[in-house]
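Just structure.tsv here, TSV, C-alpha atoms:
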```
chain	number	residue	atom	x	y	z
A	1	MET	CA	3.19	18.16	-4.90
A	2	THR	CA	-0.40	17.22	-5.66
A	3	ARG	CA	-2.37	14.92	-3.39
A	4	ARG	CA	-2.05	12.10	-5.94
A	5	GLY	CA	1.70	12.70	-6.04
A	6	GLU	CA	1.90	12.50	-2.25
A	7	THR	CA	-0.05	9.24	-2.27
A	8	LEU	CA	2.27	7.76	-4.87
A	9	GLU	CA	5.33	8.94	-2.95
A	10	LEU	CA	4.05	7.24	0.21
A	11	ALA	CA	3.30	4.01	-1.68
A	12	VAL	CA	6.77	3.88	-3.27
A	13	LEU	CA	8.63	4.71	-0.06
A	14	GLY	CA	6.55	2.20	1.89
A	15	LEU	CA	7.22	-0.62	-0.54
A	16	LEU	CA	10.93	0.14	-0.78
A	17	HIS	CA	11.02	0.26	3.01
A	18	GLU	CA	10.28	-3.48	2.87
A	19	SER	CA	12.91	-4.34	0.25
A	20	PRO	CA	14.62	-2.94	-2.87
A	21	LEU	CA	12.62	-3.47	-6.07
A	22	HIS	CA	13.13	-3.04	-9.78
A	23	GLY	CA	10.71	-0.96	-11.83
A	24	TYR	CA	8.43	-3.74	-13.07
A	25	GLU	CA	7.91	-5.31	-9.65
A	26	LEU	CA	7.54	-1.88	-8.03
A	27	ARG	CA	4.79	-0.87	-10.47
A	28	LYS	CA	2.95	-4.15	-9.88
A	29	ARG	CA	3.04	-3.74	-6.10
A	30	VAL	CA	2.09	-0.06	-6.22
A	31	ASN	CA	-0.98	-1.01	-8.27
A	32	THR	CA	-1.87	-3.54	-5.58
A	33	VAL	CA	-1.53	-0.93	-2.85
A	34	LEU	CA	-3.51	1.70	-4.76
A	35	GLY	CA	-6.36	-0.75	-5.33
A	36	TRP	CA	-8.16	-2.14	-8.33
A	37	GLY	CA	-9.78	1.19	-9.19
A	38	ARG	CA	-6.47	2.90	-10.01
A	39	VAL	CA	-3.91	1.54	-12.46
A	40	LEU	CA	-0.49	3.16	-12.44
A	41	SER	CA	1.30	3.51	-15.77
A	42	TYR	CA	5.04	3.64	-16.31
A	43	GLY	CA	4.53	7.18	-17.60
A	44	THR	CA	3.39	8.16	-14.11
A	45	LEU	CA	5.73	5.97	-12.07
A	46	TYR	CA	9.09	6.86	-13.59
A	47	PRO	CA	8.73	10.66	-13.30
A	48	ALA	CA	7.81	10.09	-9.65
A	49	LEU	CA	10.91	7.93	-9.19
A	50	LYS	CA	13.06	10.66	-10.75
A	51	LYS	CA	11.72	13.18	-8.22
A	52	LEU	CA	12.47	10.83	-5.35
A	53	LEU	CA	15.98	10.27	-6.71
A	54	ARG	CA	16.62	14.02	-6.93
A	55	ALA	CA	15.34	14.45	-3.37
A	56	GLY	CA	17.74	11.77	-2.15
A	57	TYR	CA	14.96	9.54	-0.80
A	58	ILE	CA	15.83	6.58	-3.04
A	59	ALA	CA	18.90	5.39	-4.91
A	60	GLU	CA	19.47	3.35	-8.06
A	61	VAL	CA	21.42	0.13	-7.81
A	62	VAL	CA	22.60	-0.96	-11.26
A	63	ALA	CA	23.37	-4.64	-11.76
A	64	PRO	CA	25.07	-5.85	-14.96
A	65	ALA	CA	22.86	-7.88	-17.23
A	66	ALA	CA	23.49	-11.57	-17.71
A	67	PRO	CA	25.52	-12.19	-20.90
A	68	ALA	CA	23.02	-14.68	-22.31
A	69	ALA	CA	19.97	-12.55	-21.53
A	70	SER	CA	20.17	-8.94	-22.59
A	71	ARG	CA	22.65	-6.12	-22.80
A	72	ARG	CA	20.27	-3.90	-20.87
A	73	GLN	CA	21.33	-3.23	-17.29
A	74	ARG	CA	18.89	-4.07	-14.51
A	75	ILE	CA	18.08	-1.11	-12.24
A	76	THR	CA	16.83	-1.71	-8.72
A	77	TYR	CA	15.50	1.07	-6.50
A	78	ALA	CA	16.42	1.13	-2.81
A	79	LEU	CA	15.47	3.38	0.08
A	80	THR	CA	18.16	5.68	1.47
A	81	PRO	CA	18.47	6.72	5.15
A	82	LEU	CA	16.95	10.06	4.14
A	83	GLY	CA	14.08	8.17	2.52
A	84	GLN	CA	13.55	6.16	5.69
A	85	ASP	CA	13.21	9.39	7.64
A	86	ARG	CA	10.81	10.76	5.03
A	87	PHE	CA	8.65	7.62	5.19
A	88	ALA	CA	8.57	7.76	9.00
A	89	ALA	CA	7.53	11.42	8.88
A	90	LEU	CA	4.74	10.72	6.39
A	91	MET	CA	3.45	7.81	8.46
A	92	ALA	CA	3.43	9.99	11.58
A	93	GLU	CA	1.01	12.46	10.00
A	94	ALA	CA	-2.54	12.05	11.29
A	95	GLY	CA	-4.31	15.12	9.93
A	96	PRO	CA	-7.34	15.27	7.61
A	97	SER	CA	-5.33	14.33	4.52
A	98	ALA	CA	-4.54	10.95	6.13
A	99	TRP	CA	-8.17	9.84	6.08
A	100	GLU	CA	-9.22	11.20	2.69
A	101	ASP	CA	-10.14	8.77	-0.09
A	102	ASP	CA	-6.91	9.27	-2.07
A	103	ASN	CA	-4.63	8.64	0.90
A	104	PHE	CA	-6.38	6.42	3.41
A	105	ASP	CA	-6.00	3.11	1.55
A	106	VAL	CA	-2.25	3.58	1.14
A	107	ARG	CA	-1.82	4.64	4.76
A	108	PHE	CA	-3.82	1.60	5.86
A	109	ALA	CA	-1.59	-0.72	3.80
A	110	PHE	CA	1.37	0.33	6.00
A	111	PHE	CA	-0.52	0.55	9.30
A	112	SER	CA	1.80	-2.00	10.94
A	113	ARG	CA	4.51	0.68	10.85
A	114	THR	CA	2.33	3.23	12.62
A	115	ASP	CA	1.90	3.78	16.35
A	116	MET	CA	-1.42	2.72	17.83
A	117	GLU	CA	-2.39	6.28	18.79
A	118	ILE	CA	-1.87	7.46	15.22
A	119	ARG	CA	-3.82	4.48	13.86
A	120	LEU	CA	-6.73	5.28	16.13
A	121	ARG	CA	-6.68	8.96	15.19
A	122	ILE	CA	-6.76	8.14	11.48
A	123	LEU	CA	-9.47	5.48	11.84
A	124	GLU	CA	-11.65	7.77	13.92
A	125	GLY	CA	-11.10	10.65	11.52
A	126	ARG	CA	-12.00	8.46	8.56
A	127	ARG	CA	-15.15	7.24	10.30
A	128	SER	CA	-16.21	10.77	11.19
A	129	ARG	CA	-15.67	11.91	7.61
A	130	LEU	CA	-17.75	9.02	6.27
A	131	GLN	CA	-20.53	9.65	8.75
A	132	GLU	CA	-20.73	13.22	7.45
A	133	ARG	CA	-20.82	11.88	3.91
A	134	LEU	CA	-23.51	9.39	4.88
A	135	SER	CA	-25.75	12.17	6.13
A	136	ARG	CA	-25.37	14.01	2.83
A	137	VAL	CA	-26.01	10.91	0.73
A	138	GLN	CA	-29.09	10.00	2.74
A	139	ALA	CA	-30.47	13.50	2.29
A	140	GLN	CA	-29.81	13.23	-1.45
A	141	LEU	CA	-31.58	9.87	-1.47
A	142	ASP	CA	-34.66	11.40	0.12
A	143	ARG	CA	-34.76	14.08	-2.57
A	144	THR	CA	-34.20	11.57	-5.37
A	145	GLN	CA	-37.02	9.34	-4.18
A	146	GLN	CA	-39.38	12.26	-4.52
A	147	GLN	CA	-38.42	12.48	-8.20
A	148	VAL	CA	-39.56	8.86	-8.72
A	149	ASP	CA	-36.49	7.93	-10.79
A	150	ARG	CA	-35.92	4.28	-9.99
A	151	TYR	CA	-32.37	4.03	-11.33
A	152	ALA	CA	-31.21	7.19	-9.63
A	153	VAL	CA	-32.73	5.91	-6.39
A	154	GLU	CA	-30.90	2.58	-6.71
A	155	LEU	CA	-27.61	4.33	-7.39
A	156	GLN	CA	-28.01	6.53	-4.32
A	157	ARG	CA	-29.05	3.54	-2.21
A	158	HIS	CA	-25.95	1.69	-3.35
A	159	GLY	CA	-23.86	4.65	-2.21
A	160	VAL	CA	-25.54	4.69	1.19
A	161	GLU	CA	-25.00	0.96	1.69
A	162	SER	CA	-21.33	1.23	0.68
A	163	VAL	CA	-20.66	4.02	3.17
A	164	GLU	CA	-22.57	2.20	5.91
A	165	ARG	CA	-20.46	-0.93	5.36
A	166	GLU	CA	-17.23	1.01	5.63
A	167	VAL	CA	-18.42	2.79	8.78
A	168	ARG	CA	-19.17	-0.59	10.39
A	169	TRP	CA	-15.78	-1.90	9.27
A	170	LEU	CA	-13.99	1.12	10.72
A	171	SER	CA	-15.90	0.78	13.99
A	172	SER	CA	-14.78	-2.84	14.31
A	173	LEU	CA	-11.16	-1.83	13.67
A	174	ILE	CA	-11.36	0.95	16.25
A	175	ASP	CA	-12.83	-1.44	18.83
A	176	ALA	CA	-10.06	-3.96	18.11
A	177	GLU	CA	-7.36	-1.30	18.54
A	178	ARG	CA	-8.84	-0.17	21.85
A	179	ASP	CA	-9.27	-3.73	23.10
A	180	GLY	CA	-5.66	-4.45	22.20
A	181	ALA	CA	-4.46	-1.40	24.11
A	182	HIS	CA	-6.65	-2.31	27.09
A	183	GLY	CA	-5.38	-5.89	27.08
A	184	ALA	CA	-1.76	-4.71	27.00
A	185	SER	CA	-2.30	-2.42	29.99
A	186	GLU	CA	-3.88	-5.29	31.94
A	187	ARG	CA	-1.01	-7.67	31.19
A	188	GLU	CA	1.59	-5.39	32.77
A	189	PRO	CA	0.49	-5.83	36.41
A	190	GLN	CA	-0.10	-9.54	35.76
A	191	ASP	CA	3.44	-9.93	34.50
A	192	ALA	CA	4.73	-8.14	37.56
A	193	ALA	CA	2.76	-10.53	39.79
A	194	ALA	CA	3.99	-13.56	37.86
A	195	HIS	CA	7.63	-12.46	38.25
A	196	PRO	CA	7.98	-10.88	41.72
A	197	ASP	CA	11.17	-9.33	42.94
A	198	GLU	CA	13.74	-11.99	43.81
A	199	SER	CA	14.42	-10.27	47.10
A	200	ALA	CA	10.84	-10.97	48.11
A	201	ALA	CA	10.81	-14.53	46.75
A	202	PHE	CA	13.93	-15.70	48.56
A	203	PRO	CA	14.72	-15.07	52.25
A	204	ALA	CA	17.67	-12.86	53.04
A	205	VAL	CA	20.92	-14.70	53.85
A	206	ASP	CA	22.16	-14.26	57.39
A	207	GLN	CA	25.01	-11.78	57.17
A	208	SER	CA	26.89	-13.58	59.96
A	209	ILE	CA	27.03	-16.71	57.80
A	210	ARG	CA	28.31	-14.71	54.84
A	211	THR	CA	31.17	-13.19	56.83
A	212	THR	CA	32.36	-16.61	58.01
A	213	GLN	CA	32.69	-18.00	54.48
A	214	PRO	CA	36.29	-17.93	53.15
A	215	ALA	CA	36.88	-15.64	50.24
A	216	PRO	CA	37.55	-17.49	46.94
A	217	THR	CA	41.13	-17.59	45.80
A	218	ALA	CA	42.18	-16.77	42.29
A	219	ALA	CA	42.43	-20.51	41.50
A	220	GLU	CA	38.90	-21.24	42.61
A	221	PRO	CA	36.13	-20.94	40.01
A	222	ASN	CA	33.56	-18.18	40.55
```
Encoded form using structure tokens:
Amino acid sequence: MTRRGETLELAVLGLLHESPLHGYELRKRVNTVLGWGRVLSYGTLYPALKKLLRAGYIAEVVAPAAPAASRRQRITYALTPLGQDRFAALMAEAGPSAWEDDNFDVRFAFFSRTDMEIRLRILEGRRSRLQERLSRVQAQLDRTQQQVDRYAVELQRHGVESVEREVRWLSSLIDAERDGAHGASEREPQDAAAHPDESAAFPAVDQSIRTTQPAPTAAEPN
């Protein structure tokens, strides 16, 4: 499967993980996940759905059409248990493909279903990749400026500024993830202090008093 095919598979499985969808709504939401720069056609979506059906990751749910509307049956696509496992496996991947341009946006759209450690690994990998790209673009900008081509210089400068903005954005996300993890680790001992062991909070009952109490009969309430 090509990288674009893997990205589309992840987008479809992620959206169906939320709820079953029919083809029109699924295409609309996939386009939202992929971003404004990529428009998915039905000619691309339906072959991808057929592959996922053959793999057993999704299933078709056919509902009869309303008599007054149309004779055409309404098909809804739903995630199968095998598809849930496939989606979980894809979201657990944190290698270089997870932070490439074609895949990062889709992965980020489903970040709430990813462990914090995996999120951090992907964010840091994406930032490192962009910092490498920034160095190359800046070097290209230096060479272009020497050619005294104003429009080429502006285009390169726009590229530099775009990458710099995303690097700052990623850094803020990474800091927020780390602060959240640090805050969670600090809350644990505080919670323990706020709810001490009952044996320490209440004095022990004198055992001699316990032994002198009559045992409850079966008629007495516990």
Take CA of Ser41 (chain A) and CA of Lys28 (chain A) and report the distance between them in Å, one decimal.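 Here the two named atoms are 9.8 Å from each other.
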Kindly provide, as a PyMOL selection string, the polymer residues lying within 8 Å of (-2.0, 5.8, 3.9), counting all atoms listed in the file and using the coordinates exactly as they appear in the file. chain A and resi 7+10-11+91+98-99+103-111
What would the list of residues within 7 Å of (17.7, 4.2, -8.1) (file frame) look like as a PyMOL selection string, if only C-alpha atoms are what count? chain A and resi 53+58-61+75-78
Residue nearest Leu90 (chain A) - candidates A:Leu155, A:Leu26, A:Val163, A:Ile118, atoms counted: only C-alpha atoms: A:Ile118
Can you tell me which residues surround Arg29 (chain A) at a distance of at most 12 Å, considering all atoms listed in the file, apart from same-chain residues fewer than 4 positions away, and format the answer as a list of chain:residue names?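 So, after excluding close chain neighbours, the residues are A:Leu8, A:Ala11, A:Val12, A:Leu13, A:Gly14, A:Leu15, A:Leu16, A:Glu18, A:Ser19, A:Leu21, A:His22, A:Gly23, A:Tyr24, A:Glu25, A:Val33, A:Leu34, A:Gly35, A:Trp36, A:Val39, A:Leu40, A:Leu45, A:Val106, A:Ala109.
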C-alpha atoms of the current selection, written as a compact mmCIF listing (two decimals), in the frame of the given file:
```txt
# COMPACT_ATOMS: atom_id res chain seq x y z
CA LEU A 8 2.27 7.76 -4.87
CA ALA A 11 3.30 4.01 -1.68
CA VAL A 12 6.77 3.88 -3.27
CA LEU A 13 8.63 4.71 -0.06
CA GLY A 14 6.55 2.20 1.89
CA LEU A 15 7.22 -0.62 -0.54
CA LEU A 16 10.93 0.14 -0.78
CA GLU A 18 10.28 -3.48 2.87
CA SER A 19 12.91 -4.34 0.25
CA LEU A 21 12.62 -3.47 -6.07
CA HIS A 22 13.13 -3.04 -9.78
CA GLY A 23 10.71 -0.96 -11.83
CA TYR A 24 8.43 -3.74 -13.07
CA GLU A 25 7.91 -5.31 -9.65
CA VAL A 33 -1.53 -0.93 -2.85
CA LEU A 34 -3.51 1.70 -4.76
CA GLY A 35 -6.36 -0.75 -5.33
CA TRP A 36 -8.16 -2.14 -8.33
CA VAL A 39 -3.91 1.54 -12.46
CA LEU A 40 -0.49 3.16 -12.44
CA LEU A 45 5.73 5.97 -12.07
CA VAL A 106 -2.25 3.58 1.14
CA ALA A 109 -1.59 -0.72 3.80
```
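Proximity ranking of A:Val167, A:Leu49, A:Val153, A:Ala92 relative to Leu134 (chain A) places A:Val167 first, based on all atoms listed in the file.
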Would you work out the distance separating CA of Arg86 (chain A) from CA of Arg74 (chain A), expressed in Å to one decimal?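 CA of Arg74 (chain A) lies at a distance of 25.8 Å from CA of Arg86 (chain A).
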When distances are computed from all atoms listed in the file, which of A:His158, A:Arg113, A:Arg54, A:Arg126 shows the smallest separation from Gly95 (chain A)?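 For Gly95 (chain A), the nearest of the candidates is A:Arg126.
Between CA of Gly125 (chain A) and CA of Leu52 (chain A) the interatomic distance comes to 29.0 Å.
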